[in-house]
file data-v6.pdb (PDB, C-alpha atoms, pLDDT in the B column)
ATOM      1  CA  MET A 439       3.622 -33.194  12.186  1.00 47.00           C
ATOM      2  CA  PRO A 440       4.652 -29.596  13.131  1.00 47.00           C
ATOM      3  CA  TYR A 441       4.107 -26.822  10.677  1.00 47.00           C
ATOM      4  CA  ALA A 442       7.052 -25.211   8.893  1.00 44.00           C
ATOM      5  CA  SER A 443       8.572 -22.291  10.753  1.00 40.00           C
ATOM      6  CA  LEU A 444       7.155 -18.872   9.978  1.00 39.00           C
ATOM      7  CA  ARG A 445       9.673 -16.355   8.695  1.00 40.00           C
ATOM      8  CA  ALA A 446       8.237 -13.517  10.765  1.00 38.00           C
ATOM      9  CA  PRO A 447       9.188 -13.563  14.462  1.00 37.00           C
ATOM     10  CA  LEU A 448       6.485 -15.136  16.564  1.00 33.00           C
ATOM     11  CA  LEU A 449       5.215 -12.890  19.338  1.00 33.00           C
ATOM     12  CA  VAL A 450       3.470 -14.889  22.048  1.00 30.00           C
ATOM     13  CA  ALA A 451      -0.071 -13.660  22.459  1.00 33.00           C
ATOM     14  CA  ALA A 452      -3.510 -15.039  23.202  1.00 31.00           C
ATOM     15  CA  LEU A 453      -6.128 -14.962  20.494  1.00 34.00           C
ATOM     16  CA  VAL A 454      -9.862 -14.777  20.802  1.00 35.00           C
ATOM     17  CA  VAL A 455     -11.699 -15.518  17.544  1.00 38.00           C
ATOM     18  CA  LEU A 456     -15.426 -15.017  17.425  1.00 35.00           C
ATOM     19  CA  ALA A 457     -17.085 -16.915  14.584  1.00 34.00           C
ATOM     20  CA  ALA A 458     -19.802 -15.195  12.588  1.00 34.00           C
ATOM     21  CA  PRO A 459     -22.283 -16.778  10.190  1.00 34.00           C
ATOM     22  CA  ALA A 460     -21.108 -17.430   6.653  1.00 33.00           C
ATOM     23  CA  ALA A 461     -20.764 -14.095   4.879  1.00 34.00           C
ATOM     24  CA  ILE A 462     -21.639 -15.424   1.423  1.00 34.00           C
ATOM     25  CA  ALA A 463     -22.973 -18.955   1.717  1.00 36.00           C
ATOM     26  CA  GLN A 464     -23.006 -19.694  -1.994  1.00 39.00           C
ATOM     27  CA  THR A 465     -19.223 -19.245  -2.224  1.00 55.00           C
ATOM     28  CA  ASP A 466     -18.440 -20.925   1.093  1.00 68.00           C
ATOM     29  CA  ILE A 467     -16.857 -17.801   2.606  1.00 87.00           C
ATOM     30  CA  ARG A 468     -17.124 -17.599   6.363  1.00 89.00           C
ATOM     31  CA  THR A 469     -16.018 -14.699   8.527  1.00 91.00           C
ATOM     32  CA  GLU A 470     -14.110 -14.793  11.803  1.00 90.00           C
ATOM     33  CA  ARG A 471     -13.315 -11.592  13.664  1.00 87.00           C
ATOM     34  CA  VAL A 472      -9.878 -11.403  15.272  1.00 87.00           C
ATOM     35  CA  HIS A 473      -9.411  -9.771  18.681  1.00 79.00           C
ATOM     36  CA  PHE A 474      -6.115  -9.240  20.490  1.00 78.00           C
ATOM     37  CA  LYS A 475      -6.155  -9.439  24.265  1.00 71.00           C
ATOM     38  CA  ALA A 476      -5.087  -6.363  26.230  1.00 69.00           C
ATOM     39  CA  GLY A 477      -1.388  -5.641  25.780  1.00 72.00           C
ATOM     40  CA  ALA A 478      -0.981  -8.044  22.832  1.00 78.00           C
ATOM     41  CA  ASN A 479      -0.223  -7.003  19.255  1.00 85.00           C
ATOM     42  CA  SER A 480      -0.172 -10.434  17.606  1.00 89.00           C
ATOM     43  CA  ALA A 481      -2.496 -13.361  17.063  1.00 90.00           C
ATOM     44  CA  VAL A 482      -2.034 -16.907  15.817  1.00 92.00           C
ATOM     45  CA  VAL A 483      -4.818 -19.095  14.486  1.00 94.00           C
ATOM     46  CA  GLU A 484      -4.721 -22.650  13.172  1.00 94.00           C
ATOM     47  CA  GLY A 485      -7.429 -23.804  10.818  1.00 94.00           C
ATOM     48  CA  THR A 486      -8.499 -26.172   8.071  1.00 96.00           C
ATOM     49  CA  ILE A 487     -10.320 -25.569   4.801  1.00 96.00           C
ATOM     50  CA  THR A 488     -11.678 -28.077   2.290  1.00 95.00           C
ATOM     51  CA  GLY A 489     -12.272 -27.538  -1.415  1.00 94.00           C
ATOM     52  CA  ARG A 490     -13.827 -24.156  -2.202  1.00 93.00           C
ATOM     53  CA  GLU A 491     -14.166 -23.193   1.440  1.00 94.00           C
ATOM     54  CA  THR A 492     -12.707 -19.746   2.207  1.00 96.00           C
ATOM     55  CA  VAL A 493     -12.187 -17.902   5.503  1.00 95.00           C
ATOM     56  CA  ASP A 494     -12.005 -14.142   6.022  1.00 95.00           C
ATOM     57  CA  TYR A 495     -10.131 -13.214   9.210  1.00 95.00           C
ATOM     58  CA  VAL A 496     -11.169  -9.639   9.971  1.00 91.00           C
ATOM     59  CA  LEU A 497      -9.018  -7.343  12.091  1.00 90.00           C
ATOM     60  CA  VAL A 498      -9.169  -3.604  12.637  1.00 85.00           C
ATOM     61  CA  ALA A 499      -6.054  -1.470  12.183  1.00 85.00           C
ATOM     62  CA  SER A 500      -5.206   2.207  11.744  1.00 82.00           C
ATOM     63  CA  GLN A 501      -3.573   4.165   8.956  1.00 79.00           C
ATOM     64  CA  GLY A 502       0.194   4.218   9.487  1.00 79.00           C
ATOM     65  CA  GLN A 503       0.347   1.032  11.538  1.00 83.00           C
ATOM     66  CA  HIS A 504       2.670  -1.797  10.490  1.00 86.00           C
ATOM     67  CA  MET A 505       1.079  -5.118   9.480  1.00 89.00           C
ATOM     68  CA  ASN A 506       2.927  -8.441   9.276  1.00 91.00           C
ATOM     69  CA  VAL A 507       0.993 -11.522   8.160  1.00 94.00           C
ATOM     70  CA  SER A 508       2.517 -14.924   7.390  1.00 94.00           C
ATOM     71  CA  MET A 509       1.109 -18.388   6.881  1.00 96.00           C
ATOM     72  CA  ALA A 510       2.600 -21.876   7.115  1.00 96.00           C
ATOM     73  CA  THR A 511       0.861 -24.714   5.275  1.00 96.00           C
ATOM     74  CA  LYS A 512       1.774 -28.072   3.775  1.00 94.00           C
ATOM     75  CA  ASN A 513      -0.666 -27.659   0.878  1.00 95.00           C
ATOM     76  CA  GLY A 514       1.108 -25.889  -1.981  1.00 94.00           C
ATOM     77  CA  ALA A 515      -2.191 -24.522  -3.294  1.00 95.00           C
ATOM     78  CA  ASN A 516      -3.160 -22.879   0.025  1.00 97.00           C
ATOM     79  CA  TYR A 517      -2.705 -19.075   0.134  1.00 96.00           C
ATOM     80  CA  PHE A 518      -4.012 -15.903   1.725  1.00 96.00           C
ATOM     81  CA  ASN A 519      -4.878 -12.501   0.272  1.00 94.00           C
ATOM     82  CA  ILE A 520      -5.325  -9.211   2.144  1.00 94.00           C
ATOM     83  CA  LEU A 521      -8.238  -6.909   1.294  1.00 92.00           C
ATOM     84  CA  ALA A 522      -8.230  -3.244   2.341  1.00 89.00           C
ATOM     85  CA  PRO A 523     -11.134  -1.667   4.267  1.00 86.00           C
ATOM     86  CA  GLY A 524     -14.284  -1.471   2.142  1.00 85.00           C
ATOM     87  CA  GLU A 525     -12.957  -3.901  -0.465  1.00 87.00           C
ATOM     88  CA  ASN A 526     -14.595  -7.279  -1.099  1.00 86.00           C
ATOM     89  CA  GLU A 527     -12.925  -8.482  -4.289  1.00 86.00           C
ATOM     90  CA  VAL A 528      -9.642  -6.766  -5.230  1.00 86.00           C
ATOM     91  CA  ALA A 529      -6.700  -7.724  -3.012  1.00 89.00           C
ATOM     92  CA  MET A 530      -3.977  -5.299  -1.909  1.00 88.00           C
ATOM     93  CA  PHE A 531      -1.744  -8.368  -1.398  1.00 90.00           C
ATOM     94  CA  ASN A 532      -1.836 -11.732  -3.149  1.00 90.00           C
ATOM     95  CA  GLY A 533      -0.163 -14.591  -1.291  1.00 90.00           C
ATOM     96  CA  SER A 534       0.336 -16.681  -4.436  1.00 89.00           C
ATOM     97  CA  ILE A 535       2.692 -13.931  -5.635  1.00 86.00           C
ATOM     98  CA  GLY A 536       4.124 -12.884  -2.276  1.00 84.00           C
ATOM     99  CA  GLU A 537       4.825 -16.421  -0.999  1.00 87.00           C
ATOM    100  CA  ASN A 538       2.353 -16.118   1.904  1.00 92.00           C
ATOM    101  CA  GLN A 539       4.374 -13.364   3.601  1.00 91.00           C
ATOM    102  CA  PHE A 540       3.189  -9.753   3.853  1.00 91.00           C
ATOM    103  CA  GLU A 541       4.856  -6.875   5.636  1.00 88.00           C
ATOM    104  CA  GLY A 542       4.039  -3.213   5.153  1.00 86.00           C
ATOM    105  CA  ILE A 543       2.635   0.118   6.322  1.00 83.00           C
ATOM    106  CA  LEU A 544      -1.147   0.487   6.144  1.00 84.00           C
ATOM    107  CA  LEU A 545      -2.532   3.346   4.067  1.00 81.00           C
ATOM    108  CA  LYS A 546      -6.094   3.244   5.462  1.00 80.00           C
ATOM    109  CA  SER A 547      -7.874   2.817   8.775  1.00 81.00           C
ATOM    110  CA  GLY A 548     -10.601   0.213   9.113  1.00 84.00           C
ATOM    111  CA  ALA A 549     -11.329  -3.511   8.932  1.00 87.00           C
ATOM    112  CA  TYR A 550      -8.828  -5.556   6.912  1.00 91.00           C
ATOM    113  CA  LYS A 551      -9.711  -9.032   5.635  1.00 93.00           C
ATOM    114  CA  VAL A 552      -7.059 -11.778   5.606  1.00 96.00           C
ATOM    115  CA  ARG A 553      -8.676 -14.206   3.167  1.00 96.00           C
ATOM    116  CA  VAL A 554      -7.469 -17.832   3.317  1.00 97.00           C
ATOM    117  CA  TYR A 555      -8.301 -20.006   0.320  1.00 96.00           C
ATOM    118  CA  MET A 556      -7.107 -22.698  -2.098  1.00 95.00           C
ATOM    119  CA  MET A 557      -6.333 -22.322  -5.798  1.00 95.00           C
ATOM    120  CA  ARG A 558      -9.162 -23.419  -8.090  1.00 93.00           C
ATOM    121  CA  SER A 559      -7.482 -26.602  -9.333  1.00 94.00           C
ATOM    122  CA  ALA A 560      -7.017 -27.878  -5.760  1.00 95.00           C
ATOM    123  CA  ALA A 561     -10.478 -26.680  -4.740  1.00 94.00           C
ATOM    124  CA  ARG A 562     -12.052 -28.648  -7.583  1.00 94.00           C
ATOM    125  CA  ARG A 563     -10.274 -31.764  -6.316  1.00 95.00           C
ATOM    126  CA  ASN A 564     -11.769 -31.059  -2.889  1.00 95.00           C
ATOM    127  CA  GLU A 565      -8.322 -31.046  -1.284  1.00 96.00           C
ATOM    128  CA  VAL A 566      -7.869 -30.354   2.425  1.00 96.00           C
ATOM    129  CA  ALA A 567      -5.442 -27.699   3.688  1.00 96.00           C
ATOM    130  CA  LYS A 568      -4.318 -27.216   7.274  1.00 97.00           C
ATOM    131  CA  TYR A 569      -2.633 -23.898   8.005  1.00 97.00           C
ATOM    132  CA  ARG A 570      -1.139 -21.744  10.727  1.00 96.00           C
ATOM    133  CA  LEU A 571      -1.692 -18.007  10.314  1.00 96.00           C
ATOM    134  CA  GLU A 572       0.154 -15.319  12.270  1.00 95.00           C
ATOM    135  CA  MET A 573      -1.057 -11.692  12.273  1.00 94.00           C
ATOM    136  CA  ILE A 574       0.893  -8.822  13.848  1.00 92.00           C
ATOM    137  CA  ILE A 575      -0.219  -5.181  14.043  1.00 90.00           C
ATOM    138  CA  SER A 576       2.263  -2.739  15.568  1.00 85.00           C
ATOM    139  CA  GLY A 577       2.890   0.988  15.797  1.00 76.00           C
ATOM    140  CA  ALA A 578       0.597   3.783  16.934  1.00 60.00           C
ATOM    141  CA  GLY A 579      -0.322   4.862  13.412  1.00 53.00           C
ATOM    142  CA  ASP A 580      -0.311   8.371  12.050  1.00 43.00           C
ATOM    143  CA  LYS A 581      -0.333  10.200   8.737  1.00 40.00           C
ATOM    144  CA  SER A 582       3.422  10.522   8.382  1.00 39.00           C
ATOM    145  CA  SER A 583       4.070   6.830   8.963  1.00 39.00           C
ATOM    146  CA  ALA A 584       1.297   5.939   6.522  1.00 40.00           C
ATOM    147  CA  ALA A 585       3.478   7.523   3.865  1.00 44.00           C
ATOM    148  CA  GLY A 586       6.185   5.180   5.058  1.00 44.00           C
ATOM    149  CA  GLY A 587       8.381   7.789   6.691  1.00 41.00           C
ATOM    150  CA  LYS A 588       9.660   8.523  10.145  1.00 40.00           C
ATOM    151  CA  SER A 589       9.618  12.241   9.501  1.00 38.00           C
ATOM    152  CA  SER A 590       8.372  14.705   6.890  1.00 37.00           C
ATOM    153  CA  SER A 591      11.777  16.375   6.818  1.00 40.00           C
ATOM    154  CA  ASP A 592      13.583  15.771   3.511  1.00 43.00           C
ATOM    155  CA  ASP A 593      16.974  15.433   5.206  1.00 51.00           C
ATOM    156  CA  THR A 594      15.864  12.744   7.675  1.00 77.00           C
ATOM    157  CA  LEU A 595      16.553   9.131   6.660  1.00 77.00           C
ATOM    158  CA  VAL A 596      14.923   5.949   7.865  1.00 75.00           C
ATOM    159  CA  LYS A 597      17.467   4.285  10.148  1.00 73.00           C
ATOM    160  CA  GLY A 598      19.776   1.917   8.294  1.00 71.00           C
ATOM    161  CA  THR A 599      18.707   3.091   4.815  1.00 75.00           C
ATOM    162  CA  ASN A 600      19.383   5.847   2.291  1.00 80.00           C
ATOM    163  CA  TYR A 601      15.673   6.610   2.036  1.00 84.00           C
ATOM    164  CA  ASN A 602      13.480   9.313   3.556  1.00 85.00           C
ATOM    165  CA  ALA A 603      10.636   6.788   3.814  1.00 86.00           C
ATOM    166  CA  THR A 604       9.992   3.079   3.284  1.00 85.00           C
ATOM    167  CA  GLY A 605       6.868   0.936   3.147  1.00 85.00           C
ATOM    168  CA  ASN A 606       4.647  -0.976   0.720  1.00 85.00           C
ATOM    169  CA  ILE A 607       2.635   0.038  -2.340  1.00 88.00           C
ATOM    170  CA  PRO A 608       0.113  -1.913  -4.454  1.00 89.00           C
ATOM    171  CA  CYS A 609       1.700  -3.439  -7.560  1.00 90.00           C
ATOM    172  CA  ALA A 610       1.219  -6.037 -10.296  1.00 90.00           C
ATOM    173  CA  MET A 611       3.866  -7.497 -12.585  1.00 89.00           C
ATOM    174  CA  ALA A 612       1.738  -8.789 -15.487  1.00 88.00           C
ATOM    175  CA  LYS A 613      -1.396  -7.821 -17.368  1.00 84.00           C
ATOM    176  CA  GLY A 614      -4.490  -9.175 -15.634  1.00 81.00           C
ATOM    177  CA  GLN A 615      -2.529 -10.228 -12.554  1.00 82.00           C
ATOM    178  CA  PRO A 616      -4.214  -9.539  -9.175  1.00 82.00           C
ATOM    179  CA  THR A 617      -2.781  -6.572  -7.332  1.00 82.00           C
ATOM    180  CA  GLY A 618      -0.101  -7.531  -4.822  1.00 84.00           C
ATOM    181  CA  SER A 619       2.283  -5.565  -2.620  1.00 84.00           C
ATOM    182  CA  CYS A 620       5.819  -4.307  -3.274  1.00 86.00           C
ATOM    183  CA  LEU A 621       8.342  -2.776  -0.908  1.00 85.00           C
ATOM    184  CA  PHE A 622       9.479   0.756  -1.712  1.00 87.00           C
ATOM    185  CA  GLY A 623      12.005   3.347  -0.571  1.00 87.00           C
ATOM    186  CA  VAL A 624      11.818   7.021  -1.538  1.00 89.00           C
ATOM    187  CA  LYS A 625      14.577   9.614  -1.737  1.00 89.00           C
ATOM    188  CA  ARG A 626      12.894  13.017  -1.631  1.00 89.00           C
ATOM    189  CA  GLU A 627      14.532  16.017  -3.280  1.00 87.00           C
ATOM    190  CA  GLY A 628      11.915  18.562  -2.198  1.00 86.00           C
ATOM    191  CA  LYS A 629       9.000  20.289  -3.958  1.00 86.00           C
ATOM    192  CA  GLY A 630       7.510  16.969  -5.044  1.00 88.00           C
ATOM    193  CA  SER A 631      10.636  15.725  -6.783  1.00 90.00           C
ATOM    194  CA  GLY A 632      12.552  12.541  -6.016  1.00 90.00           C
ATOM    195  CA  ILE A 633      13.026   8.873  -6.805  1.00 91.00           C
ATOM    196  CA  VAL A 634      10.815   5.990  -5.646  1.00 93.00           C
ATOM    197  CA  THR A 635      12.674   2.673  -5.767  1.00 90.00           C
ATOM    198  CA  VAL A 636      10.350  -0.337  -5.801  1.00 89.00           C
ATOM    199  CA  THR A 637      11.482  -3.893  -5.034  1.00 87.00           C
ATOM    200  CA  LYS A 638       9.621  -6.346  -7.250  1.00 84.00           C
ATOM    201  CA  PRO A 639       8.568  -9.822  -6.012  1.00 81.00           C
ATOM    202  CA  ASP A 640      11.562 -11.421  -7.771  1.00 79.00           C
ATOM    203  CA  GLY A 641      13.973  -9.138  -5.881  1.00 80.00           C
ATOM    204  CA  ARG A 642      14.798  -6.804  -8.779  1.00 82.00           C
ATOM    205  CA  THR A 643      14.279  -3.071  -8.329  1.00 86.00           C
ATOM    206  CA  ARG A 644      12.487  -0.419 -10.349  1.00 88.00           C
ATOM    207  CA  ALA A 645      13.297   3.300  -9.956  1.00 90.00           C
ATOM    208  CA  ILE A 646      10.485   5.751 -10.793  1.00 92.00           C
ATOM    209  CA  PHE A 647      11.278   9.467 -11.137  1.00 94.00           C
ATOM    210  CA  PHE A 648       9.038  12.302  -9.915  1.00 93.00           C
ATOM    211  CA  GLU A 649       9.100  16.045 -10.625  1.00 91.00           C
ATOM    212  CA  ASN A 650       6.690  18.517  -9.006  1.00 90.00           C
ATOM    213  CA  GLY A 651       4.613  15.624  -7.673  1.00 91.00           C
ATOM    214  CA  GLU A 652       4.185  13.965 -11.065  1.00 92.00           C
ATOM    215  CA  ALA A 653       5.757  10.689 -12.266  1.00 93.00           C
ATOM    216  CA  THR A 654       7.941  11.498 -15.273  1.00 92.00           C
ATOM    217  CA  GLY A 655       9.923   8.357 -16.124  1.00 90.00           C
ATOM    218  CA  TYR A 656      11.869   5.335 -14.924  1.00 89.00           C
ATOM    219  CA  ASP A 657      15.256   3.614 -15.068  1.00 86.00           C
ATOM    220  CA  VAL A 658      14.917   2.395 -18.648  1.00 78.00           C
ATOM    221  CA  ASN A 659      17.612   0.238 -20.269  1.00 66.00           C
ATOM    222  CA  LYS A 660      18.016  -1.751 -23.485  1.00 56.00           C
ATOM    223  CA  ALA A 661      17.060  -5.018 -21.816  1.00 60.00           C
ATOM    224  CA  ASP A 662      13.931  -3.510 -20.256  1.00 69.00           C
ATOM    225  CA  PRO A 663      12.337  -0.978 -22.642  1.00 69.00           C
ATOM    226  CA  GLY A 664       8.741  -1.093 -21.363  1.00 79.00           C
ATOM    227  CA  LYS A 665       6.403   1.713 -22.416  1.00 89.00           C
ATOM    228  CA  PHE A 666       5.874   4.258 -19.600  1.00 92.00           C
ATOM    229  CA  SER A 667       2.595   5.984 -18.721  1.00 93.00           C
ATOM    230  CA  ALA A 668       1.290   7.755 -15.623  1.00 94.00           C
ATOM    231  CA  GLU A 669      -2.126   9.061 -14.607  1.00 94.00           C
ATOM    232  CA  ARG A 670      -3.611  10.564 -11.479  1.00 91.00           C
ATOM    233  CA  GLN A 671      -6.622   9.130  -9.668  1.00 88.00           C
ATOM    234  CA  GLY A 672      -7.259  11.330  -6.657  1.00 85.00           C
ATOM    235  CA  ASP A 673      -4.119  11.259  -4.529  1.00 85.00           C
ATOM    236  CA  LEU A 674      -2.725   8.195  -6.358  1.00 89.00           C
ATOM    237  CA  SER A 675      -0.296   8.069  -9.262  1.00 93.00           C
ATOM    238  CA  ILE A 676      -1.106   5.015 -11.392  1.00 94.00           C
ATOM    239  CA  ILE A 677       2.091   4.096 -13.225  1.00 94.00           C
ATOM    240  CA  ARG A 678       2.430   1.511 -15.984  1.00 94.00           C
ATOM    241  CA  ILE A 679       5.754   0.282 -17.340  1.00 92.00           C
ATOM    242  CA  GLY A 680       5.151  -2.359 -19.973  1.00 91.00           C
ATOM    243  CA  GLU A 681       2.902  -4.851 -18.176  1.00 91.00           C
ATOM    244  CA  GLU A 682       3.950  -3.634 -14.711  1.00 92.00           C
ATOM    245  CA  ARG A 683       1.555  -1.486 -12.677  1.00 93.00           C
ATOM    246  CA  TYR A 684       2.280   0.586  -9.566  1.00 94.00           C
ATOM    247  CA  GLU A 685      -0.005   2.690  -7.338  1.00 93.00           C
ATOM    248  CA  ILE A 686       1.989   5.371  -5.518  1.00 92.00           C
ATOM    249  CA  PRO A 687       0.165   7.625  -3.003  1.00 90.00           C
ATOM    250  CA  GLU A 688       0.942  11.334  -3.121  1.00 89.00           C
ATOM    251  CA  ALA A 689       2.205  11.182   0.462  1.00 88.00           C
ATOM    252  CA  VAL A 690       5.082   8.908  -0.579  1.00 89.00           C
ATOM    253  CA  ILE A 691       6.787  11.628  -2.611  1.00 89.00           C
ATOM    254  CA  LEU A 692       5.517  14.696  -0.731  1.00 86.00           C
ATOM    255  CA  GLY A 693       5.935  13.354   2.794  1.00 79.00           C
ATOM    256  CA  GLY A 694       3.581  13.556   5.743  1.00 61.00           C
TER
END
call {"tool": "encode", "arguments": {"input": "data-v6.pdb", "output": "structure tokens"}}
result
Amino acid sequence: MPYASLRAPLLVAALVVLAAPAAIAQTDIRTERVHFKAGANSAVVEGTITGRETVDYVLVASQGQHMNVSMATKNGANYFNILAPGENEVAMFNGSIGENQFEGILLKSGAYKVRVYMMRSAARRNEVAKYRLEMIISGAGDKSSAAGGKSSSDDTLVKGTNYNATGNIPCAMAKGQPTGSCLFGVKREGKGSGIVTVTKPDGRTRAIFFENGEATGYDVNKADPGKFSAERQGDLSIIRIGEERYEIPEAVILGG
């Protein structure tokens, strides 16, 4: 039977996948490197995993490029995560939260892992999952677009929005939850001040206020009185609101 339609537009392109030996045999992770043919910016792969078997699809992309990954599967326990360059455990996107659909601007250059797996309960039952994975990398990639923006000018808006920049940031909605990805839009007011509006996985929004490059508060209300805290780790602002957690790069509020 045909797979369910992917929500991202399918760009017709040939895919060459070169299989490598299992990366970590004891956990059944195997690695397959993804190559796009000349002139193509998308790839589609169909595969099958059984039980605890996991596949890392590795593709190289540049900071500032746009990534779109989506997966169709009939097994409700079959998901994919995305791991940033240099990361082997912590995911920048978790498909079980993001409904197997990722779209965003990349903040680093290097090899990204699209990790396909099954939830533990299904893996223990040795279930079989057939899937269809589409990966699209577009855009030339540069520092300004890595911050999500089309321009570093504070009075320039992303077409069709009221924001100076848009993109994705790492986020989590509950304590102990794996880091996923949330859409954001930023309205810059200059000198490191502005408002970052984050769209949570359930569609609700969260506005976070910045002054002089520092996070200072959020859109608190009586129904949502989470405790606010912010700390800096290098060029990242780590913001906690109740059990919510957001990682906002300095470039988002300052521009490229």
call {"tool": "atom_distance", "arguments": {"input": "data-v6.pdb", "atom1": "CA of Glu541 in chain A", "atom2": "CA of Gly618 in chain A"}}
result
11.6 Å
call {"tool": "resolve_selection", "arguments": {"input": "data-v6.pdb", "expression": "the PyMOL selection byres ((chain A and resi 569) around 7)", "output": "PyMOL selection string"}}
result
chain A and resi 484-486+509-511+567-568+570-571
call {"tool": "resolve_selection", "arguments": {"input": "data-v6.pdb", "expression": "the PyMOL selection byres ((chain A and resi 670-672) around 12)", "output": "PDB file with C-alpha atoms, keeping the file's coordinate frame"}}
result
ATOM      1  CA  GLY A 651       4.613  15.624  -7.673  1.00 91.00           C
ATOM      2  CA  GLU A 652       4.185  13.965 -11.065  1.00 92.00           C
ATOM      3  CA  ALA A 653       5.757  10.689 -12.266  1.00 93.00           C
ATOM      4  CA  SER A 667       2.595   5.984 -18.721  1.00 93.00           C
ATOM      5  CA  ALA A 668       1.290   7.755 -15.623  1.00 94.00           C
ATOM      6  CA  GLU A 669      -2.126   9.061 -14.607  1.00 94.00           C
ATOM      7  CA  ASP A 673      -4.119  11.259  -4.529  1.00 85.00           C
ATOM      8  CA  LEU A 674      -2.725   8.195  -6.358  1.00 89.00           C
ATOM      9  CA  SER A 675      -0.296   8.069  -9.262  1.00 93.00           C
ATOM     10  CA  ILE A 676      -1.106   5.015 -11.392  1.00 94.00           C
ATOM     11  CA  ILE A 677       2.091   4.096 -13.225  1.00 94.00           C
ATOM     12  CA  ARG A 678       2.430   1.511 -15.984  1.00 94.00           C
ATOM     13  CA  TYR A 684       2.280   0.586  -9.566  1.00 94.00           C
ATOM     14  CA  GLU A 685      -0.005   2.690  -7.338  1.00 93.00           C
ATOM     15  CA  ILE A 686       1.989   5.371  -5.518  1.00 92.00           C
ATOM     16  CA  PRO A 687       0.165   7.625  -3.003  1.00 90.00           C
ATOM     17  CA  GLU A 688       0.942  11.334  -3.121  1.00 89.00           C
ATOM     18  CA  ALA A 689       2.205  11.182   0.462  1.00 88.00           C
TER      19      ALA A 689
END
call {"tool": "residues_around", "arguments": {"input": "data-v6.pdb", "residues": "Tyr550 in chain A", "least_positions_apart": "5", "cutoff": "12 Å", "atoms": "only C-alpha atoms", "output": "PyMOL selection string"}}
result
chain A and resi 469-472+494-501+505+507+519-526+529-531+544-545+573+575
call {"tool": "residues_near_point", "arguments": {"input": "data-v6.pdb", "point": "(6.3, 3.7, -23.0)", "cutoff": "9 Å", "atoms": "only C-alpha atoms", "output": "VMD selection string"}}
result
chain A and resid 663 to 667 678 to 680
call {"tool": "residues_around", "arguments": {"input": "data-v6.pdb", "residues": "Gln503 in chain A", "least_positions_apart": "6", "cutoff": "6 Å", "atoms": "only C-alpha atoms", "output": "ChimeraX atom specification"}}
result
/A:543-544,576-577,579
call {"tool": "write_last_selection", "arguments": {"input": "data-v6.pdb", "atoms": "C-alpha atoms", "output": "short mmCIF file (atom, residue, chain, number, x, y, z; two decimals), in the frame of the given file"}}
result
data_model
loop_
_atom_site.label_atom_id
_atom_site.label_comp_id
_atom_site.auth_asym_id
_atom_site.auth_seq_id
_atom_site.Cartn_x
_atom_site.Cartn_y
_atom_site.Cartn_z
CA ILE A 543 2.64 0.12 6.32
CA LEU A 544 -1.15 0.49 6.14
CA SER A 576 2.26 -2.74 15.57
CA GLY A 577 2.89 0.99 15.80
CA GLY A 579 -0.32 4.86 13.41
#
call {"tool": "closest_residue", "arguments": {"input": "data-v6.pdb", "among": "A:Leu595, A:Ile467, A:Ala612, A:Val690", "to": "Val636 in chain A", "atoms": "only C-alpha atoms"}}
result
A:Val690
call {"tool": "atom_distance", "arguments": {"input": "data-v6.pdb", "atom1": "CA of Arg558 in chain A", "atom2": "CA of Gly533 in chain A"}}
result
14.3 Å
call {"tool": "resolve_selection", "arguments": {"input": "data-v6.pdb", "expression": "the PyMOL selection byres ((chain A and resi 639-646) around 8)", "output": "list in words"}}
result
Ile535, Gly536, Cys620, Ile633, Val634, Thr635, Val636, Thr637, Lys638, Phe647, Phe648, Ala653, Thr654, Gly655, Tyr656 and Asp657 of chain A
call {"tool": "closest_residue", "arguments": {"input": "data-v6.pdb", "among": "A:Gly623, A:Pro608, A:Gly502, A:Gly632", "to": "Ile691 in chain A", "atoms": "only C-alpha atoms"}}
result
A:Gly632
call {"tool": "build_atoms", "arguments": {"input": "data-v6.pdb", "residues": "range 493-501 of chain A", "atoms": "N, CA and C atoms", "output": "CSV table (one decimal), in the frame of the given file"}}
result
chain,number,residue,atom,x,y,z
A,493,VAL,N,-12.0,-18.6,4.2
A,493,VAL,CA,-12.2,-17.9,5.5
A,493,VAL,C,-11.6,-16.5,5.4
A,494,ASP,N,-12.4,-15.5,5.9
A,494,ASP,CA,-12.0,-14.1,6.0
A,494,ASP,C,-11.7,-13.9,7.5
A,495,TYR,N,-10.5,-13.6,7.9
A,495,TYR,CA,-10.1,-13.2,9.2
A,495,TYR,C,-10.1,-11.7,9.2
A,496,VAL,N,-11.0,-11.1,10.0
A,496,VAL,CA,-11.2,-9.6,10.0
A,496,VAL,C,-10.5,-9.0,11.2
A,497,LEU,N,-9.6,-8.1,11.0
A,497,LEU,CA,-9.0,-7.3,12.1
A,497,LEU,C,-9.0,-5.9,11.8
A,498,VAL,N,-9.1,-5.1,12.8
A,498,VAL,CA,-9.2,-3.6,12.6
A,498,VAL,C,-7.8,-3.0,12.9
A,499,ALA,N,-7.3,-2.1,12.0
A,499,ALA,CA,-6.1,-1.5,12.2
A,499,ALA,C,-6.2,0.0,11.7
A,500,SER,N,-5.2,0.8,12.1
A,500,SER,CA,-5.2,2.2,11.7
A,500,SER,C,-4.2,2.6,10.7
A,501,GLN,N,-4.5,3.6,9.9
A,501,GLN,CA,-3.6,4.2,9.0
A,501,GLN,C,-2.2,4.4,9.6
